[in-house]
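These notes concern the structure reproduced below.
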Amino acid sequence: MIEARAPAKLTLSLRITGVRDDGYHEIDAEMVTLDLCDRLEIHPDSGGAAGVRMLDAAGDDFAVALPEAGNLVVRALALAGRGARVTVHKRIPAGAGLGGGSSDAAAVLRWAGFTDPVRAASIGADVAFCLAGGRARVRGIGEVVEPLPYVREQYTLLLVPLSCSTAAVYAAWDELGGPAGTGGNDLEAAALRVAPELAAWRDELGDATGETPRLAGSGSTWFVSGAHPGPNRLVATTTRAAMPRA
């Protein structure tokens, strides 16, 4: 059995620069990885079989994550041409905009020695960044990952108890006419359209910290710089790259 870590991804800024003919959105974003991690137990299977089980912090089956995150792990195994039984101990909330499923898939690819960011992005737009980790500028549909110097920073995440569908948020952005986000995230208005209750959580974090909260990716997590412990909040620190870069 091999144990691997899958760190959360935090999108510090996100601009949508275009929409391709195939419907995929092109981005220009800055992303970092955090010390909030899922833990994977990988049991290699020489017979080529693949299986995934997801457990929450209490050790119970994490059924909510299976349709997206579990499928990404299976796709990662197929992409790498490897068979394994994988148990994922989830700490990164599903549908929170923190790249949990993508990071789980990237951890499997790292275990398999797979390093191609373009092919990694073919199974999920955030997988290429999560494969590299650290801090980077991310462009294209996520396959262009340009490493940036590591900066140790702390962020407070408000873990909102609701899930945002990435596809629904991007669709709402299209319907709204492609608005630019004043806080650095072009998807903020679209996420608020999909889940209006996010506004109350944003205001709660802003009032408690005196900072202006930013939305993590397509949501639902709000975050601010610095350490501000409190209810539903998690203080996380940036981490270095997950693997060497050429």
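Here's how to read the names in the structure tokens: chain A, B, ... by the order shown, residue numbers from 1 in each chain, ligand numbers from 1 in the order shown.
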**Request:** Quick one: everything within 9 Å of range 131-141 of chain A, counting only C-alpha atoms, minus sequence neighbours fewer than 4 positions away in the same chain. Send it as a PyMOL selection string.
**Result:** chain A and resi 7+9+17+24-34+102-103+105-107+109-110+114-117+120-121+125-127+145-151+238-245
Identify, on the basis of only C-alpha atoms, every residue whose closest approach to range 218-234 of chain A does not exceed 9 Å; exclude the query and any residue fewer than 6 positions from it along the same chain; express the result as a PDB file with N, CA and C atoms, in the first residue's frame.
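Output (part33.pdb):
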ATOM      1  N   LEU A  36      -4.292  21.898   3.474  1.00  0.00           N
ATOM      2  CA  LEU A  36      -5.519  21.115   3.630  1.00  0.00           C
ATOM      3  C   LEU A  36      -5.482  20.008   2.590  1.00  0.00           C
ATOM      4  N   GLY A  95     -17.516  20.179  -4.039  1.00  0.00           N
ATOM      5  CA  GLY A  95     -18.259  21.315  -4.552  1.00  0.00           C
ATOM      6  C   GLY A  95     -17.934  22.625  -3.883  1.00  0.00           C
ATOM      7  N   ALA A  96     -16.706  22.721  -3.305  1.00  0.00           N
ATOM      8  CA  ALA A  96     -16.318  23.922  -2.566  1.00  0.00           C
ATOM      9  C   ALA A  96     -15.417  24.850  -3.370  1.00  0.00           C
ATOM     10  N   GLY A  97     -15.052  24.450  -4.604  1.00  0.00           N
ATOM     11  CA  GLY A  97     -14.147  25.257  -5.404  1.00  0.00           C
ATOM     12  C   GLY A  97     -12.699  25.107  -5.003  1.00  0.00           C
ATOM     13  N   LEU A  98     -12.382  24.039  -4.272  1.00  0.00           N
ATOM     14  CA  LEU A  98     -11.025  23.821  -3.764  1.00  0.00           C
ATOM     15  C   LEU A  98     -10.300  22.684  -4.480  1.00  0.00           C
ATOM     16  N   GLU A 153       2.083  31.968   2.619  1.00  0.00           N
ATOM     17  CA  GLU A 153       0.973  32.826   2.999  1.00  0.00           C
ATOM     18  C   GLU A 153      -0.080  32.005   3.725  1.00  0.00           C
ATOM     19  N   GLN A 154      -0.848  32.676   4.547  1.00  0.00           N
ATOM     20  CA  GLN A 154      -1.982  32.043   5.224  1.00  0.00           C
ATOM     21  C   GLN A 154      -3.279  32.645   4.717  1.00  0.00           C
ATOM     22  N   TYR A 155      -4.272  31.783   4.618  1.00  0.00           N
ATOM     23  CA  TYR A 155      -5.604  32.212   4.212  1.00  0.00           C
ATOM     24  C   TYR A 155      -6.628  31.581   5.145  1.00  0.00           C
ATOM     25  N   THR A 156      -7.693  32.307   5.396  1.00  0.00           N
ATOM     26  CA  THR A 156      -8.811  31.758   6.160  1.00  0.00           C
ATOM     27  C   THR A 156      -9.917  31.401   5.185  1.00  0.00           C
ATOM     28  N   LEU A 157     -10.311  30.133   5.195  1.00  0.00           N
ATOM     29  CA  LEU A 157     -11.363  29.633   4.321  1.00  0.00           C
ATOM     30  C   LEU A 157     -12.664  29.516   5.112  1.00  0.00           C
ATOM     31  N   LEU A 158     -13.726  30.072   4.584  1.00  0.00           N
ATOM     32  CA  LEU A 158     -15.053  29.866   5.165  1.00  0.00           C
ATOM     33  C   LEU A 158     -15.696  28.720   4.391  1.00  0.00           C
ATOM     34  N   LEU A 159     -15.805  27.567   5.046  1.00  0.00           N
ATOM     35  CA  LEU A 159     -16.310  26.364   4.400  1.00  0.00           C
ATOM     36  C   LEU A 159     -17.839  26.363   4.467  1.00  0.00           C
ATOM     37  N   VAL A 160     -18.436  26.862   3.418  1.00  0.00           N
ATOM     38  CA  VAL A 160     -19.891  27.012   3.349  1.00  0.00           C
ATOM     39  C   VAL A 160     -20.537  25.638   3.151  1.00  0.00           C
ATOM     40  N   PRO A 161     -21.592  25.314   3.921  1.00  0.00           N
ATOM     41  CA  PRO A 161     -22.218  23.986   3.822  1.00  0.00           C
ATOM     42  C   PRO A 161     -23.170  23.844   2.647  1.00  0.00           C
ATOM     43  N   LEU A 162     -22.676  24.151   1.452  1.00  0.00           N
ATOM     44  CA  LEU A 162     -23.436  23.895   0.236  1.00  0.00           C
ATOM     45  C   LEU A 162     -22.445  23.681  -0.895  1.00  0.00           C
ATOM     46  N   SER A 163     -22.921  23.015  -1.939  1.00  0.00           N
ATOM     47  CA  SER A 163     -22.066  22.643  -3.059  1.00  0.00           C
ATOM     48  C   SER A 163     -22.445  23.444  -4.295  1.00  0.00           C
ATOM     49  N   CYS A 164     -21.445  23.939  -5.016  1.00  0.00           N
ATOM     50  CA  CYS A 164     -21.686  24.655  -6.270  1.00  0.00           C
ATOM     51  C   CYS A 164     -21.231  23.791  -7.445  1.00  0.00           C
ATOM     52  N   SER A 165     -22.083  23.625  -8.422  1.00  0.00           N
ATOM     53  CA  SER A 165     -21.721  22.906  -9.639  1.00  0.00           C
ATOM     54  C   SER A 165     -20.900  23.826 -10.532  1.00  0.00           C
ATOM     55  N   THR A 166     -19.676  23.403 -10.864  1.00  0.00           N
ATOM     56  CA  THR A 166     -18.820  24.212 -11.732  1.00  0.00           C
ATOM     57  C   THR A 166     -19.489  24.464 -13.078  1.00  0.00           C
ATOM     58  N   ALA A 167     -20.091  23.418 -13.649  1.00  0.00           N
ATOM     59  CA  ALA A 167     -20.752  23.561 -14.955  1.00  0.00           C
ATOM     60  C   ALA A 167     -21.888  24.573 -14.880  1.00  0.00           C
ATOM     61  N   VAL A 169     -22.197  27.096 -12.811  1.00  0.00           N
ATOM     62  CA  VAL A 169     -21.674  28.446 -12.613  1.00  0.00           C
ATOM     63  C   VAL A 169     -21.142  29.010 -13.929  1.00  0.00           C
ATOM     64  N   TYR A 170     -20.415  28.203 -14.696  1.00  0.00           N
ATOM     65  CA  TYR A 170     -19.928  28.677 -15.996  1.00  0.00           C
ATOM     66  C   TYR A 170     -21.098  28.977 -16.940  1.00  0.00           C
ATOM     67  N   ASN A 185     -12.308  37.673  -9.376  1.00  0.00           N
ATOM     68  CA  ASN A 185     -12.840  36.387  -9.820  1.00  0.00           C
ATOM     69  C   ASN A 185     -14.050  36.650 -10.712  1.00  0.00           C
ATOM     70  N   LEU A 187     -16.089  34.710 -11.934  1.00  0.00           N
ATOM     71  CA  LEU A 187     -17.219  33.802 -11.720  1.00  0.00           C
ATOM     72  C   LEU A 187     -18.082  34.176 -10.515  1.00  0.00           C
ATOM     73  N   GLU A 188     -17.685  35.216  -9.781  1.00  0.00           N
ATOM     74  CA  GLU A 188     -18.398  35.523  -8.540  1.00  0.00           C
ATOM     75  C   GLU A 188     -19.877  35.826  -8.779  1.00  0.00           C
ATOM     76  N   ALA A 190     -21.754  34.959 -11.225  1.00  0.00           N
ATOM     77  CA  ALA A 190     -22.442  33.762 -11.705  1.00  0.00           C
ATOM     78  C   ALA A 190     -22.718  32.797 -10.558  1.00  0.00           C
ATOM     79  N   ALA A 191     -21.757  32.644  -9.646  1.00  0.00           N
ATOM     80  CA  ALA A 191     -21.962  31.756  -8.499  1.00  0.00           C
ATOM     81  C   ALA A 191     -23.093  32.274  -7.615  1.00  0.00           C
ATOM     82  N   LEU A 192     -23.153  33.590  -7.438  1.00  0.00           N
ATOM     83  CA  LEU A 192     -24.231  34.169  -6.631  1.00  0.00           C
ATOM     84  C   LEU A 192     -25.584  33.994  -7.303  1.00  0.00           C
ATOM     85  N   ALA A 195     -26.342  30.244  -6.587  1.00  0.00           N
ATOM     86  CA  ALA A 195     -26.584  29.999  -5.158  1.00  0.00           C
ATOM     87  C   ALA A 195     -26.643  31.349  -4.435  1.00  0.00           C
ATOM     88  N   LEU A 198     -25.091  32.337  -0.977  1.00  0.00           N
ATOM     89  CA  LEU A 198     -23.665  32.596  -0.773  1.00  0.00           C
ATOM     90  C   LEU A 198     -23.408  34.009  -0.271  1.00  0.00           C
ATOM     91  N   TRP A 201     -23.182  34.311   3.514  1.00  0.00           N
ATOM     92  CA  TRP A 201     -21.937  33.754   4.042  1.00  0.00           C
ATOM     93  C   TRP A 201     -20.771  34.703   3.771  1.00  0.00           C
ATOM     94  N   ARG A 202     -20.748  35.306   2.605  1.00  0.00           N
ATOM     95  CA  ARG A 202     -19.705  36.297   2.280  1.00  0.00           C
ATOM     96  C   ARG A 202     -19.735  37.446   3.274  1.00  0.00           C
ATOM     97  N   LEU A 205     -18.398  36.553   6.781  1.00  0.00           N
ATOM     98  CA  LEU A 205     -16.934  36.510   6.866  1.00  0.00           C
ATOM     99  C   LEU A 205     -16.356  37.918   6.817  1.00  0.00           C
ATOM    100  N   GLY A 206     -16.897  38.764   5.952  1.00  0.00           N
ATOM    101  CA  GLY A 206     -16.412  40.135   5.868  1.00  0.00           C
ATOM    102  C   GLY A 206     -16.616  40.908   7.155  1.00  0.00           C
ATOM    103  N   ALA A 208     -16.875  39.685  10.157  1.00  0.00           N
ATOM    104  CA  ALA A 208     -16.089  39.114  11.250  1.00  0.00           C
ATOM    105  C   ALA A 208     -14.613  39.455  11.154  1.00  0.00           C
ATOM    106  N   THR A 209     -14.116  39.665   9.941  1.00  0.00           N
ATOM    107  CA  THR A 209     -12.676  39.850   9.752  1.00  0.00           C
ATOM    108  C   THR A 209     -12.279  41.265   9.349  1.00  0.00           C
ATOM    109  N   GLU A 211     -12.191  42.172   6.386  1.00  0.00           N
ATOM    110  CA  GLU A 211     -11.581  41.997   5.071  1.00  0.00           C
ATOM    111  C   GLU A 211     -12.678  41.808   4.013  1.00  0.00           C
ATOM    112  N   THR A 212     -12.298  41.984   2.756  1.00  0.00           N
ATOM    113  CA  THR A 212     -13.236  41.736   1.665  1.00  0.00           C
ATOM    114  C   THR A 212     -13.060  40.306   1.178  1.00  0.00           C
TER     115      THR A 212
END
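For the atom pair formed by CA of Lys90 in chain A and CA of Asp38 in chain A, the distance is 4.9 Å, given to one decimal.
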**Asked** What gap, in Å, lies between CA of Asn71 in chain A and CA of Trp173 in chain A?
**Response** 25.4 Å
**Request:** Name the residues of range 114-200 of chain A that come out as alpha helix (DSSP H) in a backbone DSSP run; write them as a PyMOL selection string.
**Result:** chain A and resi 117-121+127-132+166-175+188-194+198-200
Excluding same-chain residues fewer than 6 positions from range 177-183 of chain A, what lies within 9 Å of it counting only C-alpha atoms, as a CSV table (one decimal) with N, CA, C and O atoms, in the first residue's frame?
chain,number,residue,atom,x,y,z
A,13,SER,N,-7.0,34.4,-8.1
A,13,SER,CA,-7.6,35.3,-9.1
A,13,SER,C,-8.0,34.4,-10.3
A,13,SER,O,-7.3,33.5,-10.6
A,14,LEU,N,-9.1,34.8,-11.0
A,14,LEU,CA,-9.5,34.1,-12.1
A,14,LEU,C,-10.2,35.0,-13.1
A,14,LEU,O,-11.2,35.7,-12.8
A,15,ARG,N,-9.6,35.1,-14.3
A,15,ARG,CA,-10.2,35.9,-15.4
A,15,ARG,C,-10.5,34.9,-16.5
A,15,ARG,O,-9.7,34.0,-16.9
A,16,ILE,N,-11.7,35.1,-17.1
A,16,ILE,CA,-12.1,34.3,-18.2
A,16,ILE,C,-11.7,35.1,-19.5
A,16,ILE,O,-12.3,36.2,-19.7
A,189,ALA,N,-20.2,36.7,-9.7
A,189,ALA,CA,-21.6,37.0,-10.0
A,189,ALA,C,-22.4,35.8,-10.4
A,189,ALA,O,-23.6,35.6,-10.0
A,190,ALA,N,-21.8,35.0,-11.2
A,190,ALA,CA,-22.4,33.8,-11.7
A,190,ALA,C,-22.7,32.8,-10.6
A,190,ALA,O,-23.8,32.2,-10.5
A,212,THR,N,-12.3,42.0,2.8
A,212,THR,CA,-13.2,41.7,1.7
A,212,THR,C,-13.1,40.3,1.2
A,212,THR,O,-12.0,40.0,0.6
A,213,PRO,N,-14.0,39.4,1.4
A,213,PRO,CA,-13.9,38.0,1.0
A,213,PRO,C,-13.8,37.9,-0.5
A,213,PRO,O,-14.4,38.6,-1.3
A,214,ARG,N,-13.1,36.9,-0.9
A,214,ARG,CA,-13.0,36.5,-2.3
A,214,ARG,C,-13.6,35.1,-2.5
A,214,ARG,O,-13.5,34.3,-1.6
A,215,LEU,N,-14.1,34.8,-3.6
A,215,LEU,CA,-14.7,33.5,-3.9
A,215,LEU,C,-13.6,32.6,-4.4
A,215,LEU,O,-12.8,33.0,-5.3
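When CA of Leu79 in chain A is paired with CA of Trp111 in chain A, their separation reads 12.5 Å.
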**Request:** Determine which residues of range 95-210 of chain A DSSP labels as strand (DSSP E) from the backbone of this structure, then write them out as number ranges by chain.
**Result:** A: 135-140, 144-147, 154-158
Print the selection's residues with C-alpha atoms to a file, as a JSON list (two decimals), in the first residue's frame.
[["chain", "number", "residue", "atom", "x", "y", "z"],
["A", 135, "ARG", "CA", 2.02, 28.48, -6.99],
["A", 136, "ALA", "CA", 1.44, 29.06, -10.68],
["A", 137, "ARG", "CA", -0.17, 31.10, -13.40],
["A", 138, "VAL", "CA", -2.68, 28.88, -15.18],
["A", 139, "ARG", "CA", -3.96, 29.58, -18.68],
["A", 140, "GLY", "CA", -5.71, 27.89, -21.58],
["A", 144, "VAL", "CA", -0.77, 25.78, -19.40],
["A", 145, "VAL", "CA", 0.86, 25.87, -15.97],
["A", 146, "GLU", "CA", 3.67, 28.40, -15.43],
["A", 147, "PRO", "CA", 5.36, 27.98, -12.02],
["A", 154, "GLN", "CA", -1.98, 32.04, 5.22],
["A", 155, "TYR", "CA", -5.60, 32.21, 4.21],
["A", 156, "THR", "CA", -8.81, 31.76, 6.16],
["A", 157, "LEU", "CA", -11.36, 29.63, 4.32],
["A", 158, "LEU", "CA", -15.05, 29.87, 5.16]]
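Using only C-alpha atoms, the shortest contact distance between Leu55 in chain A and any of A:Ile92, A:Ala199, A:Cys130, A:Ala8 is found at A:Ile92.
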